[in-house]
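Structure data (TSV, C-alpha atoms) from my_file09.tsv:
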chain	number	residue	atom	x	y	z
A	1	MET	CA	91.67	134.29	-272.54
A	2	ALA	CA	94.48	136.25	-274.21
A	3	ILE	CA	94.37	139.92	-273.28
A	4	ARG	CA	96.22	142.62	-275.20
A	5	ARG	CA	96.33	145.60	-272.93
A	6	THR	CA	99.75	147.27	-273.17
A	7	LEU	CA	98.88	150.67	-274.66
A	8	HIS	CA	102.39	151.69	-275.63
A	9	PRO	CA	105.22	149.82	-277.42
A	10	PHE	CA	107.26	147.95	-274.83
A	11	ASP	CA	109.75	145.07	-274.88
A	12	LEU	CA	108.64	143.07	-271.86
A	13	GLN	CA	111.11	140.24	-272.43
A	14	GLU	CA	114.04	142.63	-272.43
A	15	PHE	CA	112.66	144.38	-269.34
A	16	LEU	CA	112.28	141.11	-267.42
A	17	GLU	CA	115.69	139.77	-268.46
A	18	SER	CA	117.55	142.96	-267.60
A	19	ARG	CA	115.75	143.50	-264.28
A	20	THR	CA	116.14	139.87	-263.30
A	21	ALA	CA	119.88	140.13	-263.93
A	22	ALA	CA	120.07	143.36	-261.92
A	23	VAL	CA	118.05	141.90	-259.03
A	24	ASN	CA	120.19	138.73	-259.02
A	25	THR	CA	123.36	140.80	-258.87
A	26	ALA	CA	121.97	142.87	-256.00
A	27	LEU	CA	120.76	139.82	-254.07
A	28	ASP	CA	124.14	138.16	-254.50
A	29	SER	CA	125.82	141.21	-252.98
A	30	TYR	CA	123.40	141.41	-250.06
A	31	LEU	CA	123.57	137.74	-248.98
A	32	PRO	CA	126.58	136.18	-247.24
A	33	PRO	CA	128.63	133.97	-249.61
A	34	ALA	CA	127.58	130.33	-249.64
A	35	LYS	CA	130.79	129.20	-247.90
A	36	THR	CA	130.46	131.68	-245.04
A	37	LYS	CA	130.34	129.70	-241.78
A	38	PRO	CA	127.98	127.94	-241.20
A	39	GLY	CA	128.08	127.05	-244.88
A	40	THR	CA	125.00	124.83	-244.81
A	41	ILE	CA	122.58	127.61	-243.96
A	42	HIS	CA	124.02	130.11	-246.40
A	43	ALA	CA	123.97	127.53	-249.20
A	44	ALA	CA	120.38	126.68	-248.25
A	45	MET	CA	119.36	130.36	-248.35
A	46	ARG	CA	120.87	130.83	-251.79
A	47	TYR	CA	119.52	127.60	-253.26
A	48	PRO	CA	115.82	128.60	-253.51
A	49	LEU	CA	116.61	132.29	-254.02
A	50	PHE	CA	118.60	131.60	-257.19
A	51	ALA	CA	116.54	128.65	-258.44
A	52	GLY	CA	115.24	130.51	-261.49
A	53	GLY	CA	112.16	132.42	-260.33
A	54	LYS	CA	110.50	134.97	-262.63
A	55	ARG	CA	111.22	137.84	-260.19
A	56	MET	CA	107.74	139.27	-260.75
A	57	ARG	CA	107.54	141.01	-257.38
A	58	PRO	CA	110.85	142.84	-257.81
A	59	ALA	CA	109.83	143.67	-261.38
A	60	VAL	CA	106.58	145.35	-260.33
A	61	CYS	CA	108.42	147.15	-257.52
A	62	LEU	CA	110.92	148.64	-259.97
A	63	ALA	CA	108.21	149.39	-262.53
A	64	ALA	CA	106.14	151.20	-259.89
A	65	ALA	CA	109.11	153.40	-259.04
A	66	THR	CA	109.42	154.37	-262.71
A	67	ALA	CA	105.68	155.04	-262.97
A	68	CYS	CA	106.02	157.57	-260.16
A	69	GLY	CA	109.06	159.26	-261.69
A	70	GLY	CA	111.60	157.61	-259.40
A	71	LYS	CA	114.87	155.77	-259.93
A	72	GLU	CA	115.09	151.99	-260.00
A	73	ALA	CA	118.37	152.09	-258.07
A	74	GLU	CA	116.59	153.56	-255.05
A	75	ALA	CA	113.88	150.89	-255.23
A	76	MET	CA	116.35	147.99	-255.61
A	77	PRO	CA	116.84	147.20	-251.88
A	78	LEU	CA	113.07	147.03	-251.49
A	79	ALA	CA	112.69	144.88	-254.59
A	80	CYS	CA	115.25	142.47	-253.17
A	81	ALA	CA	113.58	142.49	-249.76
A	82	VAL	CA	110.19	141.42	-251.13
A	83	GLU	CA	111.86	138.65	-253.16
A	84	CYS	CA	113.47	137.31	-249.98
A	85	ILE	CA	110.09	137.30	-248.24
A	86	HIS	CA	108.46	135.61	-251.22
A	87	THR	CA	111.17	132.93	-251.35
A	88	TYR	CA	111.01	132.29	-247.61
A	89	SER	CA	107.25	131.75	-247.91
A	90	LEU	CA	107.76	129.19	-250.68
A	91	VAL	CA	110.42	127.29	-248.73
A	92	HIS	CA	108.10	126.98	-245.74
A	93	ASP	CA	105.06	126.30	-247.95
A	94	ASP	CA	106.81	123.25	-249.43
A	95	LEU	CA	107.70	121.66	-246.08
A	96	PRO	CA	106.12	118.29	-245.17
A	97	CYS	CA	104.18	119.94	-242.36
A	98	MET	CA	102.60	122.32	-244.91
A	99	ASP	CA	102.05	121.34	-248.58
A	100	ASP	CA	104.69	118.58	-248.54
A	101	ASP	CA	105.96	119.31	-252.04
A	102	ASP	CA	109.08	117.90	-253.69
A	103	LEU	CA	109.25	120.19	-256.73
A	104	ARG	CA	109.58	123.97	-257.05
A	105	ARG	CA	110.68	125.92	-260.15
A	106	GLY	CA	111.51	122.62	-261.81
A	107	LYS	CA	114.00	121.65	-259.09
A	108	PRO	CA	113.88	119.69	-255.82
A	109	THR	CA	112.45	121.79	-253.01
A	110	THR	CA	114.87	123.00	-250.35
A	111	HIS	CA	114.07	120.34	-247.76
A	112	VAL	CA	114.53	117.65	-250.42
A	113	GLN	CA	117.77	119.16	-251.76
A	114	PHE	CA	119.31	119.20	-248.29
A	115	ARG	CA	117.84	115.88	-247.17
A	116	PRO	CA	121.19	113.99	-247.40
A	117	SER	CA	122.43	116.06	-244.46
A	118	VAL	CA	122.14	113.85	-241.35
A	119	ASP	CA	123.18	114.11	-237.73
A	120	ALA	CA	125.10	111.60	-235.61
A	121	ALA	CA	121.93	109.64	-234.90
A	122	GLY	CA	121.17	109.30	-238.60
A	123	ARG	CA	118.22	111.68	-238.56
A	124	LYS	CA	117.59	113.57	-241.77
A	125	ARG	CA	118.16	117.29	-241.41
A	126	GLY	CA	116.66	118.53	-244.66
A	127	GLU	CA	113.47	119.81	-243.06
A	128	ALA	CA	115.34	121.57	-240.24
A	129	VAL	CA	117.76	123.19	-242.70
A	130	ALA	CA	114.87	124.37	-244.91
A	131	LEU	CA	112.99	125.75	-241.92
A	132	LEU	CA	116.03	127.72	-240.78
A	133	ALA	CA	116.80	128.88	-244.33
A	134	GLY	CA	113.29	130.31	-244.57
A	135	ASP	CA	113.69	132.03	-241.20
A	136	ALA	CA	117.01	133.49	-242.34
A	137	LEU	CA	115.59	134.78	-245.62
A	138	LEU	CA	112.75	136.53	-243.80
A	139	THR	CA	115.25	138.18	-241.46
A	140	GLN	CA	117.54	139.03	-244.36
A	141	ALA	CA	114.68	140.90	-246.04
A	142	PHE	CA	114.61	143.49	-243.27
A	143	GLU	CA	118.39	143.83	-243.25
A	144	ILE	CA	118.32	144.49	-247.00
A	145	ALA	CA	115.43	146.95	-246.72
A	146	ALA	CA	117.42	148.89	-244.13
A	147	HIS	CA	119.84	149.84	-246.92
A	148	CYS	CA	117.24	152.09	-248.51
A	149	ARG	CA	117.17	155.77	-247.68
A	150	SER	CA	114.16	157.60	-246.30
A	151	TRP	CA	112.08	160.06	-248.31
A	152	PRO	CA	110.16	163.23	-247.40
A	153	ARG	CA	106.82	161.37	-247.34
A	154	TYR	CA	108.13	157.96	-246.24
A	155	SER	CA	110.53	157.29	-243.38
A	156	HIS	CA	112.48	154.12	-242.62
A	157	GLN	CA	109.76	153.34	-240.09
A	158	ASP	CA	107.11	153.50	-242.82
A	159	ILE	CA	109.11	151.09	-244.98
A	160	MET	CA	109.67	148.59	-242.17
A	161	LEU	CA	106.03	148.75	-241.12
A	162	GLU	CA	104.94	148.09	-244.71
A	163	LEU	CA	107.10	144.96	-244.88
A	164	ALA	CA	106.30	143.73	-241.37
A	165	ARG	CA	102.54	144.13	-241.72
A	166	THR	CA	102.55	142.36	-245.07
A	167	ALA	CA	104.60	139.41	-243.81
A	168	GLY	CA	102.83	139.19	-240.45
A	169	SER	CA	99.92	137.40	-238.85
A	170	LEU	CA	97.25	139.61	-240.42
A	171	GLN	CA	98.36	139.17	-244.05
A	172	LEU	CA	100.81	136.58	-245.43
A	173	ILE	CA	100.72	134.31	-242.38
A	174	ALA	CA	96.95	134.75	-242.06
A	175	GLY	CA	96.49	133.56	-245.62
A	176	GLN	CA	98.62	130.49	-245.05
A	177	VAL	CA	96.80	129.57	-241.83
A	178	ALA	CA	93.39	130.00	-243.48
A	179	ASP	CA	94.62	127.90	-246.41
A	180	LEU	CA	95.70	125.10	-244.08
A	181	GLU	CA	92.46	125.21	-242.12
A	182	GLY	CA	90.49	125.09	-245.36
A	183	GLU	CA	91.94	121.77	-246.49
A	184	GLY	CA	89.43	118.96	-246.63
A	185	ARG	CA	86.35	121.18	-246.53
A	186	LYS	CA	84.54	123.29	-249.09
A	187	ALA	CA	85.06	126.99	-248.46
A	188	ASN	CA	82.77	129.63	-249.92
A	189	LEU	CA	83.93	132.39	-252.28
A	190	LYS	CA	84.22	134.93	-249.46
A	191	GLU	CA	86.54	132.64	-247.51
A	192	LEU	CA	88.55	131.83	-250.62
A	193	ARG	CA	88.98	135.51	-251.44
A	194	TYR	CA	90.23	136.11	-247.89
A	195	ILE	CA	92.93	133.48	-248.44
A	196	HIS	CA	93.96	134.85	-251.84
A	197	GLU	CA	94.02	138.45	-250.62
A	198	ARG	CA	96.51	137.56	-247.92
A	199	LYS	CA	98.50	134.63	-249.26
A	200	THR	CA	99.20	136.14	-252.69
A	201	SER	CA	97.78	139.61	-253.27
A	202	ALA	CA	99.28	141.16	-250.12
A	203	LEU	CA	102.92	140.74	-251.18
A	204	LEU	CA	102.34	141.86	-254.77
A	205	CYS	CA	100.50	144.88	-253.45
A	206	CYS	CA	103.34	145.58	-251.01
A	207	SER	CA	105.83	145.35	-253.89
A	208	VAL	CA	104.17	148.07	-255.95
A	209	ARG	CA	103.57	150.25	-252.90
A	210	LEU	CA	107.24	150.07	-251.90
A	211	GLY	CA	108.23	150.96	-255.45
A	212	GLY	CA	106.03	154.03	-255.26
A	213	MET	CA	107.33	154.97	-251.82
A	214	SER	CA	110.91	154.82	-253.14
A	215	ALA	CA	109.88	157.54	-255.63
A	216	ASN	CA	108.31	159.67	-252.86
A	217	CYS	CA	104.94	159.20	-254.58
A	218	THR	CA	101.91	161.27	-253.66
A	219	PRO	CA	99.07	159.80	-251.58
A	220	ALA	CA	96.92	159.64	-254.73
A	221	GLN	CA	99.62	157.74	-256.59
A	222	LEU	CA	100.04	155.33	-253.68
A	223	LYS	CA	96.29	154.67	-253.68
A	224	ALA	CA	96.36	153.95	-257.43
A	225	LEU	CA	99.32	151.60	-257.03
A	226	THR	CA	97.55	149.85	-254.15
A	227	ASP	CA	94.48	149.26	-256.31
A	228	PHE	CA	96.66	147.94	-259.11
A	229	GLY	CA	98.62	145.60	-256.85
A	230	TYR	CA	95.55	144.31	-255.05
A	231	ASN	CA	93.70	143.40	-258.24
A	232	VAL	CA	96.72	141.99	-260.07
A	233	GLY	CA	97.58	139.92	-257.00
A	234	LEU	CA	94.12	138.39	-256.86
A	235	ALA	CA	94.13	137.76	-260.61
A	236	PHE	CA	97.55	136.11	-260.28
A	237	GLN	CA	96.23	133.63	-257.73
A	238	VAL	CA	93.05	132.87	-259.67
A	239	ILE	CA	95.23	132.08	-262.70
A	240	ASP	CA	97.42	129.93	-260.44
A	241	ASP	CA	94.32	127.97	-259.42
A	242	ILE	CA	93.42	127.50	-263.09
A	243	LEU	CA	96.92	126.38	-264.10
A	244	ASP	CA	97.00	123.84	-261.27
A	245	VAL	CA	94.25	121.88	-263.04
A	246	THR	CA	95.11	122.62	-266.69
A	247	GLN	CA	98.91	122.30	-266.91
A	248	SER	CA	101.49	119.58	-266.27
A	249	SER	CA	104.11	119.59	-263.54
A	250	GLU	CA	106.80	119.88	-266.23
A	251	LYS	CA	105.18	123.04	-267.61
A	252	LEU	CA	104.57	124.63	-264.22
A	253	GLY	CA	107.90	123.72	-262.68
A	254	LYS	CA	106.02	122.57	-259.58
A	255	THR	CA	103.64	119.75	-258.74
A	256	ALA	CA	100.41	120.08	-260.71
A	257	GLY	CA	97.08	118.97	-259.23
A	258	LYS	CA	98.22	119.37	-255.65
A	259	ASP	CA	95.22	121.56	-254.76
A	260	ILE	CA	92.84	118.78	-255.72
A	261	LYS	CA	94.93	116.20	-253.87
A	262	ALA	CA	94.92	118.36	-250.74
A	263	GLN	CA	91.17	118.96	-251.15
A	264	LYS	CA	91.68	122.71	-251.21
A	265	SER	CA	88.98	125.09	-252.33
A	266	THR	CA	89.95	126.93	-255.51
A	267	TYR	CA	88.09	129.12	-257.98
A	268	PRO	CA	87.82	126.33	-260.60
A	269	ALA	CA	86.54	123.93	-257.92
A	270	LEU	CA	83.89	126.41	-256.74
A	271	ILE	CA	82.74	128.10	-259.96
A	272	GLY	CA	84.38	126.21	-262.83
A	273	LEU	CA	87.13	127.12	-265.29
A	274	LYS	CA	85.11	129.43	-267.55
A	275	LYS	CA	83.85	131.63	-264.72
A	276	SER	CA	87.28	131.58	-263.08
A	277	ARG	CA	88.83	132.97	-266.24
A	278	GLY	CA	86.14	135.65	-266.23
A	279	VAL	CA	87.02	136.60	-262.65
A	280	ALA	CA	90.72	136.90	-263.55
A	281	LYS	CA	89.86	139.04	-266.56
A	282	ARG	CA	87.67	141.43	-264.52
A	283	LEU	CA	90.31	141.78	-261.81
A	284	THR	CA	92.97	142.59	-264.38
A	285	GLN	CA	90.73	145.19	-266.04
A	286	GLU	CA	90.31	146.85	-262.64
A	287	ALA	CA	94.08	146.84	-262.24
A	288	PHE	CA	94.57	148.53	-265.63
A	289	LYS	CA	91.98	151.15	-264.74
A	290	ALA	CA	94.04	152.11	-261.69
A	291	LEU	CA	97.03	152.89	-263.91
A	292	LYS	CA	95.33	155.54	-266.04
A	293	PRO	CA	96.64	158.53	-264.01
A	294	PHE	CA	100.25	157.47	-264.73
A	295	GLY	CA	99.92	157.58	-268.53
A	296	LYS	CA	102.95	156.36	-270.50
A	297	ARG	CA	105.05	156.01	-267.37
A	298	ALA	CA	103.02	152.92	-266.43
A	299	VAL	CA	103.88	151.03	-269.62
A	300	ALA	CA	105.98	148.47	-267.73
A	301	LEU	CA	103.23	147.87	-265.16
A	302	GLU	CA	100.68	147.48	-267.98
A	303	ALA	CA	102.90	144.95	-269.74
A	304	LEU	CA	103.49	143.03	-266.52
A	305	GLY	CA	99.76	142.92	-265.79
A	306	THR	CA	99.08	141.58	-269.28
A	307	PHE	CA	101.79	138.94	-268.86
A	308	LEU	CA	100.43	137.80	-265.50
A	309	LEU	CA	96.97	137.22	-266.94
A	310	ASN	CA	98.14	135.50	-270.13
A	311	ARG	CA	100.80	133.28	-268.53
A	312	ASP	CA	100.57	129.50	-268.85
A	313	TYR	CA	103.11	128.54	-266.17

Please re-express this file's structure in structure tokens.
Amino acid sequence: MAIRRTLHPFDLQEFLESRTAAVNTALDSYLPPAKTKPGTIHAAMRYPLFAGGKRMRPAVCLAAATACGGKEAEAMPLACAVECIHTYSLVHDDLPCMDDDDLRRGKPTTHVQFRPSVDAAGRKRGEAVALLAGDALLTQAFEIAAHCRSWPRYSHQDIMLELARTAGSLQLIAGQVADLEGEGRKANLKELRYIHERKTSALLCCSVRLGGMSANCTPAQLKALTDFGYNVGLAFQVIDDILDVTQSSEKLGKTAGKDIKAQKSTYPALIGLKKSRGVAKRLTQEAFKALKPFGKRAVALEALGTFLLNRDY
């Protein structure tokens, strides 16, 4: 299913490495040091945040700013904010009351890592620490976003509303609830798309929109970025469904086959692998189409879209 779409010469590896380093430096400066009292919670916040993620959401946020003629430095607080929200969602997603997963990014999940922490009665505190760490990361996202400045077309209120609506009960939380309620029964494609739109596509879409806003983009540019983010986000999740049944846990860095074990509806389960790959390809083509108005300035977004479709982990 390899797709070669980047229209202009571009070193994606260098882009990802340099932006990941920049985002990590910024995140480190925004979060309290690990030993800040109470040390347990600050260590638990940092553990999943610096566990080696690909930083795709910050990358598309920064790339969107460039596509609209903006500066990455002005988009950086927003890039860091969406990464905190993404990480919080993973920490909670892995909890025993949710997906009950022990592996994330090739390392023990947060509730497992902090499991040795016990109280006077001998009760394990790993789950409680992970729950609070996720809560703290979500809150931290808004504190970080507050460091951005406002722009003629986009005020601080616009930025906060964008983040809050994405992370709230109509988008990210809605997708997680629908995903939980769908376990053990066969959903149809419409229901599955609803889950993917909210659980995965919403935050990727928010990332590119915030990048555009940080460049004071025009309404037309924001609409194009929204179309790109929506379609890439859906394609990303369809590919995730495919990888869950075609790759090993070692390759993925997380538990493979957990969707089948949890009896979740996925694209491969509903329409098979071949058609699922076709869906991902069509969604990515729609995403590329949305980038045409940006010309060469969208080279990083094009390269990221190509990478997301061709990834094998």

Please return, as a PDB file with C-alpha atoms, in the coordinates of the input, all polymer residues that have at least one atom within 12 Å of the point (98.4, 156.6, -268.0); use all atoms listed in the file and the file's own coordinate frame.
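Dumped to point_19.pdb:
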ATOM      1  CA  THR A   6      99.750 147.270-273.170  1.00  0.00           C
ATOM      2  CA  LEU A   7      98.880 150.670-274.660  1.00  0.00           C
ATOM      3  CA  HIS A   8     102.390 151.690-275.630  1.00  0.00           C
ATOM      4  CA  ALA A  67     105.680 155.040-262.970  1.00  0.00           C
ATOM      5  CA  CYS A  68     106.020 157.570-260.160  1.00  0.00           C
ATOM      6  CA  GLN A 221      99.620 157.740-256.590  1.00  0.00           C
ATOM      7  CA  ALA A 224      96.360 153.950-257.430  1.00  0.00           C
ATOM      8  CA  PHE A 288      94.570 148.530-265.630  1.00  0.00           C
ATOM      9  CA  LYS A 289      91.980 151.150-264.740  1.00  0.00           C
ATOM     10  CA  ALA A 290      94.040 152.110-261.690  1.00  0.00           C
ATOM     11  CA  LEU A 291      97.030 152.890-263.910  1.00  0.00           C
ATOM     12  CA  LYS A 292      95.330 155.540-266.040  1.00  0.00           C
ATOM     13  CA  PRO A 293      96.640 158.530-264.010  1.00  0.00           C
ATOM     14  CA  PHE A 294     100.250 157.470-264.730  1.00  0.00           C
ATOM     15  CA  GLY A 295      99.920 157.580-268.530  1.00  0.00           C
ATOM     16  CA  LYS A 296     102.950 156.360-270.500  1.00  0.00           C
ATOM     17  CA  ARG A 297     105.050 156.010-267.370  1.00  0.00           C
ATOM     18  CA  ALA A 298     103.020 152.920-266.430  1.00  0.00           C
ATOM     19  CA  VAL A 299     103.880 151.030-269.620  1.00  0.00           C
ATOM     20  CA  ALA A 300     105.980 148.470-267.730  1.00  0.00           C
ATOM     21  CA  LEU A 301     103.230 147.870-265.160  1.00  0.00           C
ATOM     22  CA  GLU A 302     100.680 147.480-267.980  1.00  0.00           C
TER      23      GLU A 302
END

Tell me, as a list in words, which residues lie within 12 Å of Arg165 (chain A), counting all atoms listed in the file; anything in the same chain fewer than 6 positions away does not count. Gln157, Asp158, Ile159, Gln171, Leu172, Ile173, Ala174, Arg198, Ala202, Leu203, Cys205 and Cys206 of chain A

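CA of Lys107 (chain A) is positioned 28.1 Å from CA of Leu273 (chain A).
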
Identify the residues around (88.6, 126.0, -260.1) within a radius of 12 Å, measuring from all atoms listed in the file in the coordinates stated by the file, and give them as number ranges by chain. A: 189, 192, 237-246, 257, 259-260, 263-280

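Counting only C-alpha atoms, the residue from A:Val91, A:Val23, A:Ile144, A:Leu103 that sits nearest to Leu78 (chain A) is A:Ile144.
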
Point-to-point distance from CA of Arg57 (chain A) to CA of Ala43 (chain A), Å rounded to tenths: 22.8 Å

Between A:Gly184, A:Ala81, A:Met98, A:Ala303, which residue has the minimum interatomic distance to Phe15 (chain A), considering only C-alpha atoms?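 Closest candidate: A:Ala303.
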
For Val177 (chain A), which residue among A:Thr110, A:Asp93, A:Leu309, A:Gly233 is the nearest when counting all atoms listed in the file? A:Asp93

Neighbour list for Leu137 (chain A) as a count of residues only, cut-off 10 Å, all atoms listed in the file, skip fewer than 3 positions in-chain: 22

For CA of Leu90 (chain A) and CA of Thr66 (chain A), determine how far apart the two atoms are, in Å to one decimal place. 28.0 Å

List the neighbours of Thr25 (chain A) out to 12 Å using only C-alpha atoms; skip same-chain residues closer than 6 positions along the sequence, and give me the result as a PyMOL selection string. chain A and resi 18-19+31+49-50+76-77+80

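Of the residues listed (A:Ala146, A:Leu163, A:His196, A:Leu62), A:His196 shows the shortest atom-to-atom separation from Ala178 (chain A); distances use all atoms listed in the file.
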